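Structure file final27.cif (mmCIF, C-alpha atoms) follows.
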```
data_start
loop_
_atom_site.label_atom_id
_atom_site.label_comp_id
_atom_site.auth_asym_id
_atom_site.auth_seq_id
_atom_site.Cartn_x
_atom_site.Cartn_y
_atom_site.Cartn_z
CA MET A 308 16.49 -2.91 31.06
CA GLN A 309 15.14 -5.86 29.09
CA LYS A 310 13.84 -3.45 26.44
CA LEU A 311 17.36 -2.16 25.84
CA ILE A 312 18.88 -5.56 25.06
CA PRO A 313 17.34 -5.89 21.55
CA GLU A 314 18.38 -2.29 20.86
CA TRP A 315 22.11 -3.03 21.00
CA PRO A 316 22.55 -1.86 17.36
CA LEU A 317 21.27 1.58 18.38
CA LEU A 318 23.42 1.61 21.52
CA THR A 319 26.38 0.76 19.30
CA SER A 320 25.33 3.63 17.03
CA ILE A 321 25.42 6.08 19.94
CA ILE A 322 28.96 4.99 20.81
CA ALA A 323 29.97 5.23 17.14
CA VAL A 324 28.54 8.77 16.84
CA VAL A 325 30.41 9.98 19.95
CA ALA A 326 33.65 8.29 18.93
CA GLY A 327 33.32 9.26 15.26
CA TYR A 328 32.94 12.98 15.94
CA SER A 329 35.27 13.29 18.93
CA LEU A 330 38.09 11.27 17.33
CA GLU A 331 37.51 12.43 13.77
CA HIS A 332 40.91 14.12 13.49
CA LEU A 333 42.65 10.88 14.48
CA TRP A 334 41.03 8.36 12.15
CA LEU A 335 40.84 10.78 9.22
CA GLY A 336 44.39 12.04 9.57
CA ASN A 337 46.24 8.72 9.76
CA GLY A 338 46.01 7.44 6.23
CA GLN A 339 43.38 6.09 3.86
CA LEU A 340 43.56 2.54 5.22
CA LEU A 341 42.41 3.53 8.72
CA ALA A 342 39.77 5.86 7.29
CA GLY A 343 38.55 3.04 5.04
CA LEU A 344 38.31 0.52 7.89
CA VAL A 345 36.37 2.98 10.05
CA THR A 346 34.08 3.81 7.13
CA VAL A 347 33.29 0.12 6.55
CA ALA A 348 32.52 -0.26 10.26
CA LEU A 349 30.23 2.78 10.09
CA VAL A 350 28.37 1.31 7.11
CA LEU A 351 27.71 -1.90 9.05
CA ILE A 352 26.57 0.07 12.10
CA ILE A 353 24.22 2.17 9.95
CA ILE A 354 22.72 -1.01 8.47
CA GLY A 355 22.12 -2.31 12.00
CA ALA A 356 20.44 0.96 12.99
CA ALA A 357 18.32 0.92 9.82
CA MET A 358 17.14 -2.60 10.65
CA ARG A 359 16.01 -1.50 14.11
CA VAL A 360 14.19 1.49 12.58
CA ALA A 361 12.43 -0.88 10.17
CA ASN A 362 11.57 -3.26 13.01
CA HIS A 363 9.93 -0.56 15.11
CA ALA A 364 8.16 0.87 12.07
CA GLU A 365 6.67 -2.57 11.54
CA VAL A 366 5.59 -2.72 15.20
CA LEU A 367 3.88 0.66 14.85
CA ALA A 368 2.22 -0.42 11.62
CA GLU A 369 0.73 -3.48 13.30
CA LYS A 370 -0.55 -1.42 16.25
CA VAL A 371 -2.10 1.56 14.49
CA GLY A 372 -3.40 -0.35 11.44
CA ASP A 373 -4.02 1.00 7.95
CA PRO A 374 -3.78 3.49 6.41
CA TYR A 375 -1.33 4.87 8.95
CA GLY A 376 0.59 1.61 9.25
CA THR A 377 1.42 1.55 5.55
CA MET A 378 2.44 5.20 5.69
CA ILE A 379 4.77 4.56 8.63
CA LEU A 380 6.46 1.59 6.96
CA THR A 381 6.95 3.39 3.67
CA LEU A 382 7.94 6.78 5.02
CA SER A 383 10.39 5.40 7.59
CA ALA A 384 12.30 3.46 4.93
CA VAL A 385 12.29 6.36 2.47
CA LEU A 386 13.21 8.86 5.22
CA VAL A 387 16.38 6.91 6.01
CA GLU A 388 17.28 6.70 2.32
CA VAL A 389 16.58 10.37 1.60
CA MET A 390 18.49 11.51 4.69
CA ILE A 391 21.58 9.52 3.75
CA LEU A 392 21.27 10.58 0.11
CA ILE A 393 21.02 14.30 0.90
CA ILE A 394 24.04 14.14 3.20
CA MET A 395 26.06 12.22 0.62
CA MET A 396 25.03 14.63 -2.16
CA ASN A 397 26.21 17.61 -0.11
CA ASN A 398 29.58 16.01 0.59
CA GLU A 399 30.18 14.36 -2.77
CA HIS A 400 28.95 17.32 -4.86
CA SER A 401 27.91 14.87 -7.55
CA PRO A 402 25.07 16.04 -9.85
CA THR A 403 24.14 12.44 -10.71
CA LEU A 404 24.28 10.81 -7.26
CA GLY A 405 20.52 11.08 -6.69
CA ARG A 406 19.72 9.56 -10.08
CA ASP A 407 22.29 6.79 -9.69
CA THR A 408 21.03 5.93 -6.19
CA ILE A 409 17.41 5.61 -7.34
CA TYR A 410 18.51 3.53 -10.34
CA SER A 411 20.62 1.26 -8.08
CA ALA A 412 17.78 0.88 -5.58
CA VAL A 413 15.32 -0.18 -8.30
CA MET A 414 17.80 -2.72 -9.70
CA LEU A 415 18.43 -4.06 -6.20
CA ASP A 416 14.74 -4.28 -5.29
CA MET A 417 13.20 -5.53 -8.54
CA ASN A 418 16.02 -7.80 -9.71
CA GLY A 419 18.09 -8.60 -6.63
CA ILE A 420 15.33 -9.15 -4.07
CA ILE A 421 12.68 -10.66 -6.36
CA GLY A 422 15.28 -12.70 -8.24
CA LEU A 423 16.94 -14.24 -5.19
CA ALA A 424 13.66 -14.68 -3.29
CA ALA A 425 11.86 -16.39 -6.20
CA LEU A 426 14.94 -18.52 -6.92
CA LEU A 427 15.39 -19.77 -3.35
CA GLY A 428 11.65 -20.03 -2.72
CA GLY A 429 11.16 -21.86 -6.02
CA PHE A 430 13.80 -24.45 -5.19
CA LYS A 431 12.18 -25.05 -1.79
CA HIS A 432 8.46 -24.80 -2.57
CA GLY A 433 8.11 -24.97 -6.36
CA GLU A 434 5.57 -22.48 -7.67
CA GLN A 435 4.72 -19.77 -5.15
CA VAL A 436 1.41 -17.94 -5.36
CA TYR A 437 0.49 -14.30 -4.79
CA ASN A 438 -2.14 -11.80 -5.89
CA ASP A 439 -1.31 -10.76 -9.45
CA ASP A 440 -3.39 -7.56 -9.03
CA SER A 441 -0.64 -6.22 -6.79
CA SER A 442 2.25 -6.94 -9.16
CA LYS A 443 0.41 -5.49 -12.17
CA SER A 444 -0.47 -2.33 -10.23
CA TYR A 445 3.07 -1.90 -8.94
CA VAL A 446 4.79 -2.48 -12.29
CA VAL A 447 2.60 -0.05 -14.24
CA MET A 448 3.06 2.66 -11.58
CA ILE A 449 6.84 2.17 -11.50
CA LEU A 450 6.92 2.34 -15.30
CA THR A 451 4.90 5.56 -15.27
CA ALA A 452 6.93 7.17 -12.46
CA MET A 453 10.34 6.35 -13.92
CA GLY A 454 9.25 7.22 -17.44
CA VAL A 455 7.98 10.66 -16.47
CA THR A 456 10.71 11.64 -13.99
CA MET A 457 13.82 9.86 -15.28
CA VAL A 458 13.37 9.20 -19.04
CA LEU A 459 11.51 12.21 -20.44
CA PRO A 460 13.96 14.76 -18.90
CA ARG A 461 16.65 13.31 -21.18
CA MET A 462 14.69 14.63 -24.19
CA LEU A 463 13.66 18.03 -22.82
CA PRO A 464 15.45 21.34 -23.55
CA GLU A 465 17.65 22.65 -20.75
CA THR A 466 15.60 25.84 -20.56
CA ASN A 467 12.44 23.99 -19.43
CA TRP A 468 13.84 22.11 -16.44
CA VAL A 469 12.25 24.38 -13.79
CA GLU A 470 8.72 23.98 -15.13
CA PHE A 471 9.09 20.24 -15.57
CA SER A 472 10.61 19.82 -12.09
CA ILE A 473 7.56 21.54 -10.59
CA PHE A 474 5.31 19.28 -12.65
CA ASN A 475 7.24 16.18 -11.53
CA ILE A 476 6.83 17.08 -7.87
CA ALA A 477 3.07 17.57 -8.26
CA ALA A 478 2.62 14.45 -10.41
CA MET A 479 4.51 12.16 -8.04
CA VAL A 480 2.62 13.47 -4.99
CA VAL A 481 -0.69 12.80 -6.74
CA LEU A 482 0.46 9.36 -7.94
CA TYR A 483 1.55 8.38 -4.42
CA GLY A 484 -1.73 9.67 -2.99
CA VAL A 485 -3.74 7.52 -5.39
CA PHE A 486 -1.51 4.52 -4.68
CA LEU A 487 -1.93 4.96 -0.92
CA ARG A 488 -5.68 5.23 -1.38
CA MET A 489 -5.70 1.98 -3.37
CA GLN A 490 -3.47 0.13 -0.92
CA THR A 491 -5.39 1.15 2.19
CA GLY A 492 -8.89 1.78 0.88
CA PRO A 493 -11.47 -0.09 -1.20
CA HIS A 494 -8.78 -1.81 -3.30
CA SER A 495 -6.65 -3.02 -0.41
CA TYR A 496 -7.35 -6.61 -1.47
CA PHE A 497 -5.12 -5.95 -4.50
CA PHE A 498 -2.11 -6.14 -2.18
CA ALA A 499 -3.12 -9.12 -0.04
CA TYR A 500 -3.24 -12.88 -0.40
CA ASN A 501 -5.08 -15.25 1.90
CA TYR A 502 -2.97 -18.06 3.34
CA PRO A 503 -5.62 -20.01 5.30
CA ASP A 504 -3.18 -22.66 6.55
CA LYS A 505 -0.40 -20.22 7.49
CA ARG A 506 -1.38 -18.05 10.42
CA LYS A 507 1.37 -15.86 11.74
CA PRO A 508 2.95 -17.15 14.99
CA LYS A 509 2.76 -13.65 16.44
CA GLN A 510 -0.98 -13.49 15.76
CA LYS A 511 -1.48 -16.90 17.36
CA LYS A 512 0.36 -15.74 20.42
CA LEU A 513 -1.73 -12.56 20.62
CA ASP A 514 -4.91 -14.58 20.28
CA GLN A 515 -3.81 -16.88 23.10
CA GLN A 516 -2.89 -13.93 25.32
CA SER A 517 -6.19 -12.27 24.56
CA GLY A 518 -8.12 -15.38 25.51
CA ALA A 519 -6.09 -16.08 28.65
CA ALA A 520 -5.52 -12.60 30.00
CA GLY A 521 -8.56 -10.67 28.86
CA ALA A 522 -7.75 -6.99 28.43
CA GLU A 523 -4.10 -7.26 29.50
CA PRO A 524 -2.65 -6.93 25.96
CA HIS A 525 -4.66 -3.75 25.48
CA HIS A 526 -3.30 -2.41 28.76
CA GLN A 527 0.29 -2.97 27.63
CA ALA A 528 -0.14 -1.65 24.08
CA PRO A 529 0.28 2.11 24.79
CA ALA A 530 3.63 1.63 26.56
CA ASN A 531 4.97 -0.51 23.73
CA LEU A 532 3.61 1.96 21.18
CA TRP A 533 5.39 4.92 22.74
CA TRP A 534 8.58 2.91 23.13
CA SER A 535 8.56 2.08 19.41
CA ILE A 536 7.90 5.73 18.52
CA ILE A 537 10.78 6.94 20.69
CA VAL A 538 13.22 4.31 19.44
CA LEU A 539 12.21 4.93 15.81
CA ILE A 540 12.87 8.68 16.14
CA VAL A 541 16.19 8.06 17.91
CA GLY A 542 17.17 5.55 15.23
CA VAL A 543 16.45 7.99 12.39
CA VAL A 544 18.46 10.76 14.11
CA LEU A 545 21.38 8.39 14.76
CA THR A 546 21.29 7.22 11.16
CA GLY A 547 21.60 10.80 9.96
CA LEU A 548 24.51 11.56 12.30
CA LEU A 549 26.29 8.36 11.31
CA ALA A 550 25.71 9.09 7.63
CA GLU A 551 27.45 12.45 8.04
CA VAL A 552 30.52 10.81 9.61
CA MET A 553 30.48 7.97 7.06
CA SER A 554 30.27 10.41 4.18
CA THR A 555 33.34 12.28 5.37
CA GLY A 556 35.23 9.03 5.88
CA MET A 557 34.23 7.74 2.46
CA SER A 558 35.45 10.92 0.76
CA VAL A 559 38.85 10.58 2.44
CA SER A 560 39.25 6.81 2.08
CA THR A 561 38.25 6.66 -1.60
CA LYS A 562 40.14 9.74 -2.80
CA GLY A 563 42.31 8.84 -5.76
CA LEU A 564 41.10 5.23 -5.91
CA PRO A 565 39.89 3.82 -9.25
CA LEU A 566 36.37 3.11 -8.01
CA PRO A 567 33.42 2.80 -10.42
CA PRO A 568 31.11 5.84 -10.70
CA LEU A 569 28.18 3.95 -9.15
CA PHE A 570 30.11 2.94 -6.02
CA VAL A 571 28.65 5.54 -3.64
CA ALA A 572 25.15 5.16 -5.09
CA VAL A 573 25.23 1.37 -4.61
CA VAL A 574 26.40 1.79 -1.00
CA VAL A 575 23.50 4.17 -0.23
CA ALA A 576 20.98 1.86 -1.94
CA LEU A 577 22.34 -1.19 -0.11
CA ILE A 578 22.12 0.51 3.28
CA SER A 579 18.48 1.51 2.80
CA ALA A 580 17.49 -1.86 1.30
CA SER A 581 19.26 -4.13 3.80
CA PRO A 582 16.23 -4.61 6.12
CA GLU A 583 14.02 -5.31 3.10
CA ILE A 584 16.40 -7.95 1.75
CA LEU A 585 16.36 -10.04 4.92
CA THR A 586 12.60 -9.67 5.40
CA ALA A 587 11.87 -10.68 1.80
CA LEU A 588 14.14 -13.73 1.87
CA ARG A 589 12.54 -14.95 5.10
CA ALA A 590 9.10 -14.49 3.54
CA ALA A 591 10.09 -16.43 0.40
CA LEU A 592 11.50 -19.34 2.38
CA ALA A 593 8.26 -19.35 4.43
CA ASN A 594 6.30 -19.58 1.14
CA ARG A 595 4.79 -16.11 1.49
CA MET A 596 5.52 -14.61 -1.92
CA GLN A 597 2.91 -11.87 -1.50
CA SER A 598 5.12 -10.29 1.15
CA VAL A 599 8.08 -10.42 -1.24
CA ILE A 600 6.09 -8.68 -3.99
CA ASN A 601 4.85 -5.98 -1.61
CA ILE A 602 8.33 -5.40 -0.19
CA ALA A 603 10.34 -5.38 -3.41
CA LEU A 604 7.94 -3.59 -5.75
CA GLY A 605 6.58 -1.34 -3.01
CA ALA A 606 10.12 -0.24 -2.12
CA SER A 607 10.92 0.46 -5.78
CA LEU A 608 7.79 2.54 -6.24
CA SER A 609 8.32 4.46 -3.00
CA THR A 610 11.95 5.17 -3.88
CA VAL A 611 10.96 6.76 -7.18
CA VAL A 612 7.71 8.46 -6.19
CA LEU A 613 8.92 9.90 -2.87
CA THR A 614 12.65 10.45 -3.44
CA VAL A 615 12.43 12.19 -6.83
CA PRO A 616 10.21 15.07 -5.53
CA VAL A 617 12.62 15.67 -2.64
CA ILE A 618 15.61 15.87 -4.98
CA GLU A 619 13.69 18.06 -7.43
CA LEU A 620 12.68 20.39 -4.59
CA ILE A 621 16.29 20.68 -3.44
CA SER A 622 17.27 21.47 -7.02
CA LEU A 623 14.65 24.22 -7.24
CA ILE A 624 15.67 25.74 -3.90
CA GLN A 625 19.35 25.77 -4.87
CA GLY A 626 18.53 27.08 -8.33
CA GLU A 627 20.80 24.49 -9.87
CA ARG A 628 19.63 21.53 -11.92
CA ILE A 629 20.32 18.09 -10.46
CA VAL A 630 20.58 15.48 -13.19
CA MET A 631 17.71 12.97 -12.89
CA ALA A 632 17.60 11.70 -16.49
CA LEU A 633 18.90 8.15 -16.90
CA ASP A 634 21.76 7.63 -19.34
CA PRO A 635 21.14 5.28 -22.33
CA LEU A 636 22.62 2.22 -20.59
CA GLN A 637 20.54 2.79 -17.46
CA MET A 638 17.40 3.28 -19.54
CA THR A 639 18.08 -0.02 -21.28
CA MET A 640 18.49 -1.87 -17.98
CA VAL A 641 15.34 -0.30 -16.53
CA GLY A 642 13.42 -1.13 -19.70
CA LEU A 643 14.57 -4.76 -19.65
CA THR A 644 13.71 -5.04 -15.96
CA LEU A 645 10.18 -3.69 -16.39
CA ILE A 646 9.51 -5.85 -19.47
CA VAL A 647 10.69 -9.01 -17.68
CA ALA A 648 8.68 -8.06 -14.57
CA ALA A 649 5.55 -7.42 -16.63
CA ILE A 650 5.87 -10.88 -18.22
CA ASN A 651 6.93 -12.84 -15.13
CA LEU A 652 4.61 -11.21 -12.60
CA ASN A 653 1.31 -11.29 -14.47
CA ASP A 654 0.00 -14.76 -13.57
CA GLY A 655 0.07 -14.87 -9.77
CA GLU A 656 2.82 -17.51 -9.54
CA THR A 657 6.60 -17.38 -9.38
CA ASN A 658 9.12 -20.15 -9.89
CA ALA A 659 12.87 -20.65 -9.94
CA ILE A 660 13.15 -19.91 -13.68
CA GLU A 661 11.48 -16.52 -13.28
CA GLY A 662 13.67 -15.85 -10.28
CA MET A 663 16.76 -16.69 -12.30
CA THR A 664 15.84 -14.24 -15.08
CA HIS A 665 15.62 -11.40 -12.58
CA PHE A 666 18.80 -12.49 -10.83
CA VAL A 667 20.68 -12.54 -14.16
CA LEU A 668 19.57 -8.94 -14.72
CA PHE A 669 20.83 -8.07 -11.24
CA ALA A 670 24.15 -9.77 -11.95
CA THR A 671 24.34 -7.77 -15.18
CA PHE A 672 23.76 -4.56 -13.23
CA VAL A 673 26.56 -5.49 -10.81
CA MET A 674 28.90 -6.36 -13.69
CA LEU A 675 28.21 -3.09 -15.49
CA ALA A 676 28.71 -1.16 -12.23
CA VAL A 677 32.07 -2.88 -11.62
CA MET A 678 33.11 -2.12 -15.20
CA GLY A 679 32.28 1.53 -14.59
CA VAL A 680 29.98 1.89 -17.58
#
```
Show the structure stored in the file as structure tokens.
Amino acid sequence: MQKLIPEWPLLTSIIAVVAGYSLEHLWLGNGQLLAGLVTVALVLIIIGAAMRVANHAEVLAEKVGDPYGTMILTLSAVLVEVMILIIMMNNEHSPTLGRDTIYSAVMLDMNGIIGLAALLGGFKHGEQVYNDDSSKSYVVMILTAMGVTMVLPRMLPETNWVEFSIFNIAAMVVLYGVFLRMQTGPHSYFFAYNYPDKRKPKQKKLDQQSGAAGAEPHHQAPANLWWSIIVLIVGVVLTGLLAEVMSTGMSVSTKGLPLPPLFVAVVVALISASPEILTALRAALANRMQSVINIALGASLSTVVLTVPVIELISLIQGERIVMALDPLQMTMVGLTLIVAAINLNDGETNAIEGMTHFVLFATFVMLAVMGV
């Protein structure tokens, strides 16, 4: 029973799924206001479920270790995003929703998370250190991935989209494989920073338990491991079911409203990034900027490298091209972001000024999205 108490977001999700499907005709058929209120509630419930999924993915990562831990963390976050995105694409029938969601996620991760984290952390701690090998590796891979999959297609003839889609899928799989090998193999030190005076409280507690109780922690580990696996799977399934209900509610509640084109894409990106935002801000305030870099840039890279092949594969199966090429304004914002990141994140230290430059870019993204351009 004690294990269920922290899982109240998932218990709430179960209730929301049952109520959402069984009472769908009531809350969808009584005006846009009611449908909108229910949709907002569903978004908040999905964010809560996504946070629990991320929490249990982190537990599994700590227990199984690398390279499987890194794979679990990355794939669980991307799985939630891809699941919501596919459902929304089917309901919205928008050929640019996938592209706009990836673009919004990169702006949110690279400018929103890094900007706010470096700004708040800089005000509290001054300059914050991290391993610059990680930031350089991330930025160049993000530049390569977005350039190949979301810039070059803008310049290619329409008749060659099938061949280039197949190439994109293969290229991104290989790029992710090399990245995973670097992050978990001989170059794992690229993505780590040693904080000798900042041992994690959880690790201290485990050390104390290990010294006091001998093999007891090892005896309890399998039960906790299986519990996290079960809850993670349940959380992913609930997220998908909730996303289906939310998508229907969003279509009804926003019909005819003068909303900006990026509205749905921003909502999807915000849902998938919500656990990362809170984790990164806590890390920055605790003066652990390496965690912020790994979270923000790692999420951006994973979003591009793992989401694009899924969308391209769906496009090939359906035999209909899904637009992945960024428009000129989006290309400009991505270019500015990567240039600023390459300059700011090349010396192993962040400060409030660097954080402010990224946050201004994020504010610009929000302003452009609100303006509908």
Got a sec to resolve the PyMOL selection byres ((chain A and resi 339) around 9) on this structure and send the residues as a list of chain:residue names?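 On the file shown, the PyMOL selection byres ((chain A and resi 339) around 9) covers A:Trp334, A:Leu335, A:Gly336, A:Asn337, A:Gly338, A:Leu340, A:Leu341, A:Ala342, A:Gly343, A:Leu344, A:Gly556, A:Val559, A:Ser560, A:Thr561, A:Lys562.
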Hey, can you check how far CA of Met457 in chain A sits from CA of Phe474 in chain A?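 Going from CA of Met457 in chain A over to CA of Phe474 in chain A, I get 13.0 Å.
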Given the PyMOL selection byres ((chain A and resi 622-628) around 10), the residues it picks as an MDAnalysis selection string: chainID A and resid 402 465 468:470 472:473 616:621 629:631
Between A:Met414, A:Val543, A:Leu588, A:Val612, smallest distance to Val485 in chain A by only C-alpha atoms belongs to A:Val612
Separation of CA of Leu386 in chain A from CA of Met640 in chain A, in Å and rounded to one decimal: 26.1 Å
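Every protein, DNA or RNA residue with an atom at most 10 Å from Val458 in chain A, where only C-alpha atoms count and chain neighbours fewer than 6 positions away do not, is listed here: A:Thr451, A:Ala452, A:Met631, A:Ala632, A:Leu633, A:Asp634, A:Pro635, A:Gln637, A:Met638.
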Dig up all the protein and nucleic acid residues within 10 Å of (33.8, 8.7, 13.6) in the file frame, using only C-alpha atoms, and format them as a PDB file with C-alpha atoms, keeping the file's coordinate frame.
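Ended up saving to point_31.pdb:
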```pdb
ATOM      1  CA  ILE A 322      28.960   4.990  20.810  1.00  0.00           C
ATOM      2  CA  ALA A 323      29.970   5.230  17.140  1.00  0.00           C
ATOM      3  CA  VAL A 324      28.540   8.770  16.840  1.00  0.00           C
ATOM      4  CA  VAL A 325      30.410   9.980  19.950  1.00  0.00           C
ATOM      5  CA  ALA A 326      33.650   8.290  18.930  1.00  0.00           C
ATOM      6  CA  GLY A 327      33.320   9.260  15.260  1.00  0.00           C
ATOM      7  CA  TYR A 328      32.940  12.980  15.940  1.00  0.00           C
ATOM      8  CA  SER A 329      35.270  13.290  18.930  1.00  0.00           C
ATOM      9  CA  LEU A 330      38.090  11.270  17.330  1.00  0.00           C
ATOM     10  CA  GLU A 331      37.510  12.430  13.770  1.00  0.00           C
ATOM     11  CA  HIS A 332      40.910  14.120  13.490  1.00  0.00           C
ATOM     12  CA  LEU A 333      42.650  10.880  14.480  1.00  0.00           C
ATOM     13  CA  TRP A 334      41.030   8.360  12.150  1.00  0.00           C
ATOM     14  CA  LEU A 335      40.840  10.780   9.220  1.00  0.00           C
ATOM     15  CA  ALA A 342      39.770   5.860   7.290  1.00  0.00           C
ATOM     16  CA  VAL A 345      36.370   2.980  10.050  1.00  0.00           C
ATOM     17  CA  THR A 346      34.080   3.810   7.130  1.00  0.00           C
ATOM     18  CA  ALA A 348      32.520  -0.260  10.260  1.00  0.00           C
ATOM     19  CA  LEU A 349      30.230   2.780  10.090  1.00  0.00           C
ATOM     20  CA  LEU A 548      24.510  11.560  12.300  1.00  0.00           C
ATOM     21  CA  LEU A 549      26.290   8.360  11.310  1.00  0.00           C
ATOM     22  CA  GLU A 551      27.450  12.450   8.040  1.00  0.00           C
ATOM     23  CA  VAL A 552      30.520  10.810   9.610  1.00  0.00           C
ATOM     24  CA  MET A 553      30.480   7.970   7.060  1.00  0.00           C
ATOM     25  CA  THR A 555      33.340  12.280   5.370  1.00  0.00           C
ATOM     26  CA  GLY A 556      35.230   9.030   5.880  1.00  0.00           C
TER      27      GLY A 556
END
```
Shell of 10 Å around range 419-427 of chain A, all atoms listed in the file, local chain residues under 6 positions omitted, as a ChimeraX atom specification: /A:412-413,433-435,580,583-592,594,596,599-600,602-604,648,656-670,672-673
May I have the residues within 9 Å of Leu608 in chain A as JSON, numbers by chain, using all atoms listed in the file and disregarding those fewer than 6 positions away in the same chain? {"A": [413, 445, 446, 448, 449, 452, 453, 483]}
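Of the residues under consideration (A:Ser598, A:Thr319, A:Ser609, A:Ser401), A:Ser609 shows the shortest atom-to-atom contact distance to Val480 in chain A when counting all atoms listed in the file.
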Taking the file as shown, what set of residues would the PyMOL selection byres ((chain A and resi 442) around 10) give back, as an mmCIF file with C-alpha atoms, keeping the file's coordinate frame?
```cif
data_model
loop_
_atom_site.group_PDB
_atom_site.id
_atom_site.type_symbol
_atom_site.label_atom_id
_atom_site.label_comp_id
_atom_site.auth_asym_id
_atom_site.auth_seq_id
_atom_site.Cartn_x
_atom_site.Cartn_y
_atom_site.Cartn_z
ATOM 1 C CA TYR A 437 0.490 -14.300 -4.790
ATOM 2 C CA ASN A 438 -2.140 -11.800 -5.890
ATOM 3 C CA ASP A 439 -1.310 -10.760 -9.450
ATOM 4 C CA ASP A 440 -3.390 -7.560 -9.030
ATOM 5 C CA SER A 441 -0.640 -6.220 -6.790
ATOM 6 C CA LYS A 443 0.410 -5.490 -12.170
ATOM 7 C CA SER A 444 -0.470 -2.330 -10.230
ATOM 8 C CA TYR A 445 3.070 -1.900 -8.940
ATOM 9 C CA VAL A 446 4.790 -2.480 -12.290
ATOM 10 C CA VAL A 447 2.600 -0.050 -14.240
ATOM 11 C CA MET A 448 3.060 2.660 -11.580
ATOM 12 C CA PHE A 497 -5.120 -5.950 -4.500
ATOM 13 C CA PHE A 498 -2.110 -6.140 -2.180
ATOM 14 C CA GLN A 597 2.910 -11.870 -1.500
ATOM 15 C CA ILE A 600 6.090 -8.680 -3.990
ATOM 16 C CA ASN A 601 4.850 -5.980 -1.610
ATOM 17 C CA LEU A 604 7.940 -3.590 -5.750
ATOM 18 C CA GLY A 605 6.580 -1.340 -3.010
ATOM 19 C CA ALA A 648 8.680 -8.060 -14.570
ATOM 20 C CA ALA A 649 5.550 -7.420 -16.630
ATOM 21 C CA ASN A 651 6.930 -12.840 -15.130
ATOM 22 C CA LEU A 652 4.610 -11.210 -12.600
ATOM 23 C CA ASN A 653 1.310 -11.290 -14.470
ATOM 24 C CA ASP A 654 0.000 -14.760 -13.570
ATOM 25 C CA GLY A 655 0.070 -14.870 -9.770
#
```
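Considering the residues A:Ala477, A:Met462, A:Leu415, A:Leu392 and counting only C-alpha atoms, Val571 in chain A has its shortest atom-to-atom contact with A:Leu392.
Take the candidates A:Ser535, A:Val641, A:Asn475, A:Val389 and check each one against Lys370 in chain A using all atoms listed in the file; the shortest distance goes to A:Ser535.
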Which distance in Å separates CA of Thr644 in chain A and CA of Ser581 in chain A, to one decimal?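 Taking CA of Thr644 in chain A as the start and CA of Ser581 in chain A as the end point, the length is 20.5 Å.
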Under the rule that only C-alpha atoms are counted, which of A:Pro568, A:Gly454, A:Pro464, A:Gly679 is the nearest residue to Thr403 in chain A?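 Distance minimum relative to Thr403 in chain A lands on A:Pro568.
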Between A:Ile353, A:Met489, A:Met417, A:Ala676, which is the closest to Ala606 in chain A once you count all atoms listed in the file?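 Under the stated criterion, the closest residue is A:Met417.
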Neighbouring residues of Leu569 in chain A were defined as those with any atom within 7 Å, considering all atoms listed in the file; residues of the same chain fewer than 3 positions away were excluded. Please report them as a list in words.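 The contact residues come out as Asp407, Ala572, Val573 and Ala676 of chain A.
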Selection to disk with C-alpha atoms, as a tab-separated table (two decimals), in the coordinates of the input:
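Written output follows (result.tsv):
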```
chain	number	residue	atom	x	y	z
A	407	ASP	CA	22.29	6.79	-9.69
A	572	ALA	CA	25.15	5.16	-5.09
A	573	VAL	CA	25.23	1.37	-4.61
A	676	ALA	CA	28.71	-1.16	-12.23
```
